[in-house]
$ cat target-v7.cif   # mmCIF, C-alpha atoms and all ligand atoms
data_target
loop_
_atom_site.label_atom_id
_atom_site.label_comp_id
_atom_site.auth_asym_id
_atom_site.auth_seq_id
_atom_site.Cartn_x
_atom_site.Cartn_y
_atom_site.Cartn_z
CA MET A 12 54.77 -43.87 -33.85
CA ASN A 13 52.10 -44.50 -36.47
CA ARG A 14 52.32 -43.26 -40.03
CA GLU A 15 49.14 -41.18 -39.48
CA ASP A 16 50.94 -39.24 -36.72
CA LEU A 17 53.78 -38.03 -38.97
CA LEU A 18 54.26 -34.28 -39.53
CA PHE A 19 56.16 -33.06 -42.62
CA LEU A 20 56.95 -29.38 -43.22
CA PRO A 21 57.42 -28.33 -46.86
CA ILE A 22 60.57 -26.22 -47.21
CA SER A 23 63.01 -25.45 -50.05
CA ILE A 24 66.46 -26.47 -48.92
CA ASN A 25 69.65 -24.79 -50.16
CA ILE A 26 71.89 -27.44 -51.72
CA THR A 27 74.40 -25.07 -53.33
CA GLY A 28 77.85 -26.63 -52.91
CA LYS A 29 76.49 -29.34 -50.61
CA LYS A 30 77.29 -33.06 -50.89
CA ILE A 31 74.26 -35.16 -51.80
CA LEU A 32 74.65 -38.90 -51.46
CA LEU A 33 72.33 -41.58 -52.80
CA ILE A 34 72.85 -45.18 -51.73
CA GLY A 35 71.37 -47.86 -54.00
CA GLY A 36 71.38 -47.77 -57.78
CA GLY A 37 68.20 -49.71 -58.67
CA ASN A 38 64.81 -48.54 -59.95
CA VAL A 39 64.06 -46.27 -57.02
CA GLY A 40 67.62 -44.90 -56.81
CA TYR A 41 67.50 -44.09 -60.51
CA HIS A 42 64.10 -42.43 -60.17
CA LYS A 43 65.27 -40.23 -57.26
CA ALA A 44 68.49 -39.39 -59.16
CA SER A 45 66.52 -38.36 -62.27
CA ILE A 46 64.48 -35.92 -60.18
CA LEU A 47 67.64 -34.63 -58.47
CA TYR A 48 69.18 -33.91 -61.88
CA ARG A 49 66.47 -31.32 -62.50
CA PHE A 50 67.94 -29.33 -59.59
CA THR A 51 71.68 -30.14 -59.55
CA ASP A 52 74.32 -31.90 -61.62
CA LYS A 53 76.35 -32.90 -58.55
CA ALA A 54 75.58 -35.97 -56.48
CA THR A 55 77.36 -39.18 -55.54
CA ILE A 56 75.69 -42.57 -55.99
CA ILE A 57 76.97 -45.68 -54.23
CA ALA A 58 75.90 -49.18 -55.27
CA PRO A 59 77.44 -52.48 -56.33
CA GLU A 60 75.15 -52.47 -59.38
CA PHE A 61 73.58 -49.58 -61.29
CA HIS A 62 70.41 -49.20 -63.35
CA GLU A 63 71.55 -48.52 -66.95
CA GLY A 64 69.86 -45.09 -66.87
CA PHE A 65 72.66 -43.80 -64.64
CA ASN A 66 74.89 -43.70 -67.73
CA ASN A 67 72.86 -40.72 -68.91
CA LEU A 68 73.17 -38.76 -65.67
CA PRO A 69 76.20 -36.58 -64.80
CA PHE A 70 76.56 -37.90 -61.25
CA THR A 71 79.60 -39.56 -59.67
CA LEU A 72 79.02 -43.32 -59.55
CA VAL A 73 80.98 -45.31 -56.97
CA GLN A 74 80.62 -49.03 -57.59
CA LYS A 75 80.86 -50.63 -54.15
CA ARG A 76 78.79 -51.70 -51.15
CA TYR A 77 77.93 -49.00 -48.62
CA SER A 78 80.32 -48.46 -45.74
CA THR A 79 79.99 -45.95 -42.90
CA GLU A 80 82.87 -43.73 -44.16
CA ASP A 81 80.76 -42.96 -47.26
CA LEU A 82 78.72 -40.58 -45.10
CA GLU A 83 81.67 -38.25 -44.50
CA GLY A 84 80.80 -34.69 -45.52
CA ALA A 85 77.28 -35.58 -46.65
CA PHE A 86 74.52 -32.99 -46.25
CA LEU A 87 71.58 -35.05 -47.51
CA VAL A 88 71.35 -38.81 -47.96
CA TYR A 89 68.78 -40.76 -50.00
CA ILE A 90 68.77 -44.37 -48.79
CA CYS A 91 67.45 -46.53 -51.62
CA THR A 92 68.63 -50.12 -51.31
CA GLU A 93 66.18 -53.04 -51.36
CA ASN A 94 67.56 -54.28 -48.03
CA LYS A 95 65.32 -52.97 -45.24
CA GLU A 96 67.73 -53.86 -42.49
CA LEU A 97 70.65 -52.16 -44.25
CA ASN A 98 68.49 -49.08 -44.94
CA HIS A 99 67.69 -48.90 -41.24
CA THR A 100 71.38 -49.20 -40.28
CA ILE A 101 72.38 -46.44 -42.71
CA LYS A 102 69.64 -44.19 -41.32
CA LYS A 103 70.90 -44.79 -37.78
CA GLU A 104 74.45 -43.92 -38.85
CA CYS A 105 73.19 -40.72 -40.50
CA GLU A 106 71.31 -39.78 -37.35
CA GLU A 107 74.44 -40.27 -35.21
CA ARG A 108 76.21 -37.78 -37.51
CA GLY A 109 73.37 -35.26 -37.70
CA ILE A 110 72.84 -35.92 -41.43
CA LEU A 111 69.33 -35.63 -42.90
CA ALA A 112 68.23 -38.87 -44.55
CA SER A 113 65.28 -40.18 -46.54
CA VAL A 114 64.59 -43.91 -46.31
CA CYS A 115 62.78 -45.22 -49.41
CA ASP A 116 60.89 -48.02 -47.66
CA ASP A 117 59.95 -46.39 -44.37
CA PRO A 118 58.33 -42.95 -44.10
CA ILE A 119 58.47 -43.10 -40.31
CA GLU A 120 62.28 -43.11 -40.52
CA CYS A 121 62.45 -40.26 -43.05
CA ASP A 122 63.87 -36.88 -42.01
CA PHE A 123 62.57 -35.66 -45.37
CA THR A 124 60.42 -37.04 -48.17
CA SER A 125 60.25 -36.18 -51.86
CA PRO A 126 57.08 -34.50 -53.15
CA ALA A 127 55.63 -35.02 -56.63
CA ILE A 128 57.11 -32.14 -58.63
CA TYR A 129 56.18 -30.06 -61.64
CA LYS A 130 59.12 -27.81 -62.56
CA ASN A 131 59.14 -25.11 -65.19
CA GLY A 132 62.22 -22.91 -65.13
CA ASN A 133 62.55 -21.38 -61.69
CA VAL A 134 58.98 -22.29 -60.78
CA THR A 135 58.56 -25.50 -58.82
CA ILE A 136 55.16 -26.84 -57.82
CA ALA A 137 55.54 -29.60 -55.26
CA ILE A 138 52.65 -31.77 -54.06
CA ALA A 139 52.89 -33.91 -50.95
CA SER A 140 50.44 -35.97 -48.95
CA ASN A 141 52.22 -35.88 -45.60
CA ALA A 142 53.61 -39.29 -46.67
CA GLN A 143 50.11 -40.81 -46.60
CA ASN A 144 49.17 -41.31 -50.26
CA VAL A 145 51.79 -41.01 -52.94
CA HIS A 146 49.27 -41.81 -55.70
CA GLN A 147 47.19 -38.81 -54.67
CA SER A 148 50.30 -36.59 -54.88
CA ILE A 149 51.18 -37.91 -58.34
CA GLY A 150 47.57 -37.48 -59.54
CA ILE A 151 47.31 -33.86 -58.37
CA ARG A 152 50.76 -33.03 -59.82
CA ASN A 153 49.72 -34.49 -63.19
CA ARG A 154 46.51 -32.41 -63.15
CA VAL A 155 48.43 -29.22 -62.27
CA GLN A 156 50.87 -29.96 -65.09
CA GLU A 157 47.97 -30.31 -67.56
CA LEU A 158 46.46 -27.03 -66.38
CA VAL A 159 49.76 -25.21 -66.82
CA GLU A 160 50.41 -26.77 -70.20
CA ASP A 161 46.93 -25.98 -71.57
CA GLY A 162 47.27 -22.37 -70.33
CA SER A 163 44.58 -22.57 -67.61
CA ILE A 164 47.19 -21.70 -64.98
CA LYS A 165 49.62 -18.99 -66.09
CA ILE A 166 53.04 -19.14 -64.47
CA ARG A 167 54.80 -16.57 -66.65
C1 LIG B 1 55.97 -38.41 -55.30
C2 LIG B 1 57.24 -39.28 -55.40
C3 LIG B 1 58.41 -38.32 -55.41
C4 LIG B 1 59.75 -38.95 -55.70
O1 LIG B 1 60.03 -40.08 -55.30
O2 LIG B 1 60.52 -38.26 -56.40
C5 LIG B 1 57.22 -40.25 -54.25
N1 LIG B 1 57.02 -41.51 -54.68
C6 LIG B 1 56.93 -41.55 -56.04
C7 LIG B 1 56.58 -42.66 -56.80
C8 LIG B 1 56.17 -43.96 -56.33
N2 LIG B 1 56.28 -44.38 -55.05
C9 LIG B 1 55.82 -45.70 -55.00
C10 LIG B 1 55.46 -46.11 -56.30
C11 LIG B 1 55.02 -47.53 -56.68
C12 LIG B 1 53.55 -47.70 -56.44
C13 LIG B 1 53.02 -49.05 -56.78
O3 LIG B 1 53.76 -49.95 -57.21
O4 LIG B 1 51.80 -49.18 -56.61
C14 LIG B 1 55.61 -44.99 -57.11
C15 LIG B 1 55.17 -44.84 -58.54
C16 LIG B 1 56.26 -45.03 -59.52
O5 LIG B 1 57.40 -45.40 -59.17
O6 LIG B 1 55.94 -44.80 -60.68
C17 LIG B 1 55.71 -46.56 -53.83
C18 LIG B 1 56.21 -46.11 -52.52
N3 LIG B 1 56.55 -44.84 -52.16
C19 LIG B 1 56.91 -44.84 -50.84
C20 LIG B 1 56.85 -46.17 -50.36
C21 LIG B 1 57.22 -46.60 -48.97
C22 LIG B 1 56.04 -46.49 -48.07
O7 LIG B 1 55.13 -45.68 -48.32
O8 LIG B 1 56.00 -47.26 -47.10
C23 LIG B 1 56.35 -46.96 -51.41
C24 LIG B 1 55.91 -48.40 -51.38
C25 LIG B 1 57.01 -49.35 -51.74
C26 LIG B 1 56.55 -50.78 -51.57
O9 LIG B 1 55.59 -51.05 -50.84
O10 LIG B 1 57.22 -51.61 -52.17
C27 LIG B 1 57.28 -43.70 -50.07
C28 LIG B 1 57.30 -42.38 -50.47
N4 LIG B 1 57.14 -41.96 -51.74
C29 LIG B 1 57.16 -40.59 -51.76
C30 LIG B 1 57.27 -39.84 -52.91
C31 LIG B 1 57.12 -40.00 -50.39
C32 LIG B 1 55.70 -39.50 -50.03
C33 LIG B 1 55.32 -38.20 -50.76
C34 LIG B 1 53.99 -37.69 -50.32
O11 LIG B 1 53.93 -37.03 -49.27
O12 LIG B 1 52.96 -37.92 -51.02
C35 LIG B 1 57.55 -41.22 -49.54
C36 LIG B 1 56.82 -41.37 -48.22
C37 LIG B 1 59.04 -41.15 -49.18
C38 LIG B 1 59.92 -40.77 -50.35
O13 LIG B 1 60.22 -41.66 -51.17
O14 LIG B 1 60.30 -39.57 -50.44
C39 LIG B 1 57.28 -40.24 -56.62
C40 LIG B 1 56.46 -39.74 -57.82
C41 LIG B 1 57.42 -39.19 -58.85
C42 LIG B 1 56.82 -38.56 -60.01
O15 LIG B 1 55.89 -39.08 -60.65
O16 LIG B 1 57.36 -37.49 -60.35
N1 LIG B 2 60.07 -44.30 -51.97
C1 LIG B 2 59.59 -44.66 -53.14
O1 LIG B 2 59.15 -43.79 -53.91
C2 LIG B 2 59.55 -46.12 -53.51
C3 LIG B 2 58.92 -46.52 -54.71
C4 LIG B 2 58.90 -47.88 -55.04
C5 LIG B 2 59.57 -48.80 -54.21
N2 LIG B 2 60.17 -48.38 -53.06
C6 LIG B 2 60.98 -49.30 -52.21
O2 LIG B 2 62.36 -49.06 -52.55
C7 LIG B 2 63.17 -50.22 -52.31
C8 LIG B 2 64.17 -50.41 -53.44
O3 LIG B 2 63.50 -50.77 -54.63
P1 LIG B 2 64.26 -50.90 -56.03
O4 LIG B 2 63.21 -51.28 -57.01
O5 LIG B 2 65.11 -49.71 -56.30
O6 LIG B 2 65.24 -52.16 -55.76
P2 LIG B 2 66.41 -52.67 -56.70
O7 LIG B 2 66.66 -54.09 -56.32
O8 LIG B 2 66.12 -52.30 -58.12
O9 LIG B 2 67.68 -51.78 -56.29
C9 LIG B 2 68.39 -51.94 -55.11
C10 LIG B 2 69.75 -51.27 -55.27
O10 LIG B 2 70.42 -51.31 -54.01
C11 LIG B 2 71.76 -51.68 -54.25
N3 LIG B 2 72.38 -52.24 -53.05
C12 LIG B 2 72.15 -53.47 -52.49
N4 LIG B 2 72.99 -53.65 -51.44
C13 LIG B 2 73.72 -52.50 -51.33
C14 LIG B 2 74.77 -52.10 -50.46
N5 LIG B 2 75.23 -52.90 -49.48
N6 LIG B 2 75.31 -50.87 -50.63
C15 LIG B 2 74.88 -50.06 -51.63
N7 LIG B 2 73.90 -50.40 -52.50
C16 LIG B 2 73.33 -51.61 -52.34
C17 LIG B 2 71.68 -52.67 -55.39
O11 LIG B 2 72.94 -52.85 -56.05
C18 LIG B 2 70.67 -51.96 -56.29
O12 LIG B 2 71.35 -50.99 -57.07
C19 LIG B 2 62.16 -51.36 -52.11
O13 LIG B 2 62.18 -51.65 -50.72
C20 LIG B 2 60.81 -50.77 -52.51
O14 LIG B 2 59.80 -51.29 -51.67
C21 LIG B 2 60.19 -47.06 -52.71
#
$ encode --input "target-v7.cif" --output "structure tokens" --more "lines below"
Ligand SMILES: C[C@@]1(CC(=O)O)C2=NC(=C\c3[nH]c(c(CCC(=O)O)c3CC(=O)O)Cc3[nH]c(c(CC(=O)O)c3CCC(=O)O)/C=C3\N/C(=C\2)[C@@H](CCC(=O)O)[C@]3(C)CC(=O)O)/[C@H]1CCC(=O)O
Ligand SMILES: NC(=O)c1ccc[n+]([C@@H]2O[C@H](COP(=O)([O-])OP(=O)(O)OC[C@H]3O[C@@H](n4cnc5c(N)ncnc54)[C@H](O)[C@@H]3O)[C@@H](O)[C@H]2O)c1
Amino acid sequence: MNREDLLFLPISINITGKKILLIGGGNVGYHKASILYRFTDKATIIAPEFHEGFNNLPFTLVQKRYSTEDLEGAFLVYICTENKELNHTIKKECEERGILASVCDDPIECDFTSPAIYKNGNVTIAIASNAQNVHQSIGIRNRVQELVEDGSIKIR
């Protein structure tokens, strides 16, 4: 499979009461957690070491290395360690359990990816590039945000 052959469908997934797990507490883990916090105040983060920003998030922090049992009851898993081999192993263990996972260093392994988001109340504008060009997604999102904020696009 080549990256160019990937197909991602944009959907809004119901996370009410569901267990969201994020493994890895570094820069990328913190970034993903900050975005998550705009949608939920419940998630569990597992890592031996955490970015200091996690102190300002309401999530449950579990300071330890990942082990397979951590996946129990998980609905969505964000895999965000810097260890490619470990990320791959976690993804495989998610797949064996039918759990949807996003792997931060390998779009081909991702069951889902995160779009660039502009959120204003209940309105969410999400831009994705089919995992091909994250800078393009960020650029378009920033432009949409400007247009909403200067009143060119009315969302209310
Ligand atoms: C939009 C956003 C959403 C979010 O994460 O919330 C998002 N990445 C963001 C930021 C960002 N990502 C990267 C940098 C550093 C760039 C640099 O250094 O130059 C920055 C900028 C920064 O951090 O400021 C690098 C990067 N990203 C991926 C890889 C792996 C790879 O592509 O192989 C690498 C290379 C790592 C390496 O090589 O080391 C992969 C993915 N990143 C995606 C989404 C998915 C595709 C979405 C789409 O379809 O477009 C996908 C496929 C999977 C996923 O992560 O879901 C978020 C913007 C948040 C915002 O601004 O609100
Ligand atoms: N998807 C994206 O948007 C994106 C953006 C930039 C970088 N990346 C990729 O993300 C990866 C991570 O980058 P980073 O800057 O967050 O790295 P980092 O070193 O800052 O963080 C890694 C985290 O993983 C944790 N960790 C290590 N071993 C673990 C284990 N056994 N169990 C649980 N947690 C463990 C560490 O304690 C740390 O908290 C890199 O491969 C990078 O290329 C992805």
$ atom_distance --input "target-v7.cif" --atom1 "atom CA of Gly109 of chain A" --atom2 "atom CA of Thr124 of chain A"
16.7 Å
$ residues_around --input "target-v7.cif" --residues "segment 141-147 of chain A" --least-positions-apart "3" --cutoff "7 Å" --atoms "all atoms listed in the file" --output "ChimeraX atom specification"
/A:18-19,118,150-151
$ closest_atom_pairs --input "target-v7.cif" --of "chain A" --to "ligand LIG 1 (chain B)" --cutoff "10 Å" --atoms "all atoms listed in the file" --output "CSV"
residue,atom,partner,partner_atom,distance
A:Arg14,CA,B:LIG1,O8,8.9
A:Phe19,CA,B:LIG1,O11,8.1
A:Pro21,CA,B:LIG1,O11,9.7
A:Asn38,CA,B:LIG1,O5,8.1
A:Val39,CA,B:LIG1,O5,7.1
A:Gly40,CA,B:LIG1,O1,9.1
A:Tyr41,CA,B:LIG1,O1,10.0
A:His42,CA,B:LIG1,O2,6.7
A:Lys43,CA,B:LIG1,O2,5.2
A:Ala44,CA,B:LIG1,O2,8.5
A:Ser45,CA,B:LIG1,O2,8.4
A:Ile46,CA,B:LIG1,O2,6.0
A:Leu47,CA,B:LIG1,O2,8.3
A:Tyr89,CA,B:LIG1,O14,8.6
A:Ile90,CA,B:LIG1,O13,9.3
A:Cys91,CA,B:LIG1,O13,8.7
A:Glu93,CA,B:LIG1,O10,9.1
A:Ala112,CA,B:LIG1,O14,9.9
A:Ser113,CA,B:LIG1,O14,6.4
A:Val114,CA,B:LIG1,C37,6.8
A:Cys115,CA,B:LIG1,O13,4.7
A:Asp116,CA,B:LIG1,C21,4.1
A:Asp117,CA,B:LIG1,O8,4.9
A:Pro118,CA,B:LIG1,C36,4.7
A:Ile119,CA,B:LIG1,C36,8.3
A:Glu120,CA,B:LIG1,C37,9.5
A:Cys121,CA,B:LIG1,C37,7.1
A:Asp122,CA,B:LIG1,O14,9.5
A:Phe123,CA,B:LIG1,O14,6.8
A:Thr124,CA,B:LIG1,O14,3.4
A:Ser125,CA,B:LIG1,O14,3.7
A:Pro126,CA,B:LIG1,C1,4.6
A:Ala127,CA,B:LIG1,C1,3.7
A:Ile128,CA,B:LIG1,O16,5.6
A:Tyr129,CA,B:LIG1,O16,7.6
A:Ala137,CA,B:LIG1,C1,8.8
A:Ile138,CA,B:LIG1,O12,6.9
A:Ala139,CA,B:LIG1,O11,3.7
A:Ser140,CA,B:LIG1,O11,3.7
A:Asn141,CA,B:LIG1,O11,4.2
A:Ala142,CA,B:LIG1,O11,3.5
A:Gln143,CA,B:LIG1,O11,6.0
A:Asn144,CA,B:LIG1,O12,5.1
A:Val145,CA,B:LIG1,O12,3.8
A:His146,CA,B:LIG1,O12,7.1
A:Gln147,CA,B:LIG1,O12,6.9
A:Ser148,CA,B:LIG1,O12,4.9
A:Ile149,CA,B:LIG1,O15,5.4
A:Gly150,CA,B:LIG1,O15,8.5
A:Arg152,CA,B:LIG1,O15,8.0
A:Asn153,CA,B:LIG1,O15,8.1
$ closest_residue --input "target-v7.cif" --among "A:His99, A:Lys29, A:Arg167, A:Arg154" --to "ligand LIG 2 (chain B)" --atoms "only C-alpha atoms and all ligand atoms"
A:His99
$ residues_around --input "target-v7.cif" --residues "Asp52 of chain A" --least-positions-apart "4" --cutoff "9 Å" --atoms "all atoms listed in the file" --output "number ranges by chain"
A: 47-48, 68-70
$ write_last_selection --input "target-v7.cif" --atoms "C-alpha atoms" --output "mmCIF file, keeping the file's coordinate frame"
data_model
loop_
_atom_site.group_PDB
_atom_site.id
_atom_site.type_symbol
_atom_site.label_atom_id
_atom_site.label_comp_id
_atom_site.auth_asym_id
_atom_site.auth_seq_id
_atom_site.Cartn_x
_atom_site.Cartn_y
_atom_site.Cartn_z
ATOM 1 C CA LEU A 47 67.640 -34.630 -58.470
ATOM 2 C CA TYR A 48 69.180 -33.910 -61.880
ATOM 3 C CA LEU A 68 73.170 -38.760 -65.670
ATOM 4 C CA PRO A 69 76.200 -36.580 -64.800
ATOM 5 C CA PHE A 70 76.560 -37.900 -61.250
#
$ closest_residue --input "target-v7.cif" --among "A:Glu80, A:Glu106, A:Glu60, A:Asp161" --to "ligand LIG 2 (chain B)" --atoms "only C-alpha atoms and all ligand atoms"
A:Glu60
$ closest_residue --input "target-v7.cif" --among "A:Asp81, A:Thr71, A:Arg49, A:Gly28" --to "ligand LIG 2 (chain B)" --atoms "all atoms listed in the file"
A:Asp81
$ atom_distance --input "target-v7.cif" --atom1 "atom CA of Ile57 of chain A" --atom2 "atom CA of Thr27 of chain A"
20.8 Å
$ atom_distance --input "target-v7.cif" --atom1 "atom C6 of ligand LIG 2 (chain B)" --atom2 "atom CA of Glu83 of chain A"
24.7 Å
$ residues_around --input "target-v7.cif" --residues "Lys30 of chain A" --least-positions-apart "6" --cutoff "10 Å" --atoms "only C-alpha atoms" --output "PyMOL selection string"
chain A and resi 53-55+82-88
$ closest_residue --input "target-v7.cif" --among "A:Val134, A:Leu32, A:Leu97, A:Val155" --to "ligand LIG 2 (chain B)" --atoms "only C-alpha atoms and all ligand atoms"
A:Leu97
$ closest_residue --input "target-v7.cif" --among "A:Ser23, A:Ile166, A:Thr135, A:Thr100" --to "ligand LIG 2 (chain B)" --atoms "all atoms listed in the file"
A:Thr100
$ residues_near_point --input "target-v7.cif" --point "(72.8, -45.2, -55.4)" --cutoff "6 Å" --atoms "all atoms listed in the file" --output "MDAnalysis selection string"
chainID A and resid 33:36 40 56:58
$ closest_residue --input "target-v7.cif" --among "A:Ile101, A:Asn13, A:Phe50, A:Ser163" --to "ligand LIG 2 (chain B)" --atoms "only C-alpha atoms and all ligand atoms"
A:Ile101
$ axis_aligned_box --input "target-v7.cif" --around "ligand LIG 2 (chain B)" --padding-each-side "8 Å" --output "AutoDock Vina command-line options"
--center_x 67.1 --center_y -48.9 --center_z -53.8 --size_x 32.4 --size_y 26.3 --size_z 24.6
$ residues_around --input "target-v7.cif" --residues "Pro59 of chain A" --least-positions-apart "4" --cutoff "10 Å" --atoms "all atoms listed in the file" --output "compact mmCIF listing (two decimals) with C-alpha atoms, keeping the file's coordinate frame"
# COMPACT_ATOMS: atom_id res chain seq x y z
CA ILE A 34 72.85 -45.18 -51.73
CA GLY A 35 71.37 -47.86 -54.00
CA GLY A 36 71.38 -47.77 -57.78
CA GLY A 37 68.20 -49.71 -58.67
CA LEU A 72 79.02 -43.32 -59.55
CA VAL A 73 80.98 -45.31 -56.97
CA GLN A 74 80.62 -49.03 -57.59
CA LYS A 75 80.86 -50.63 -54.15
CA ARG A 76 78.79 -51.70 -51.15
CA TYR A 77 77.93 -49.00 -48.62
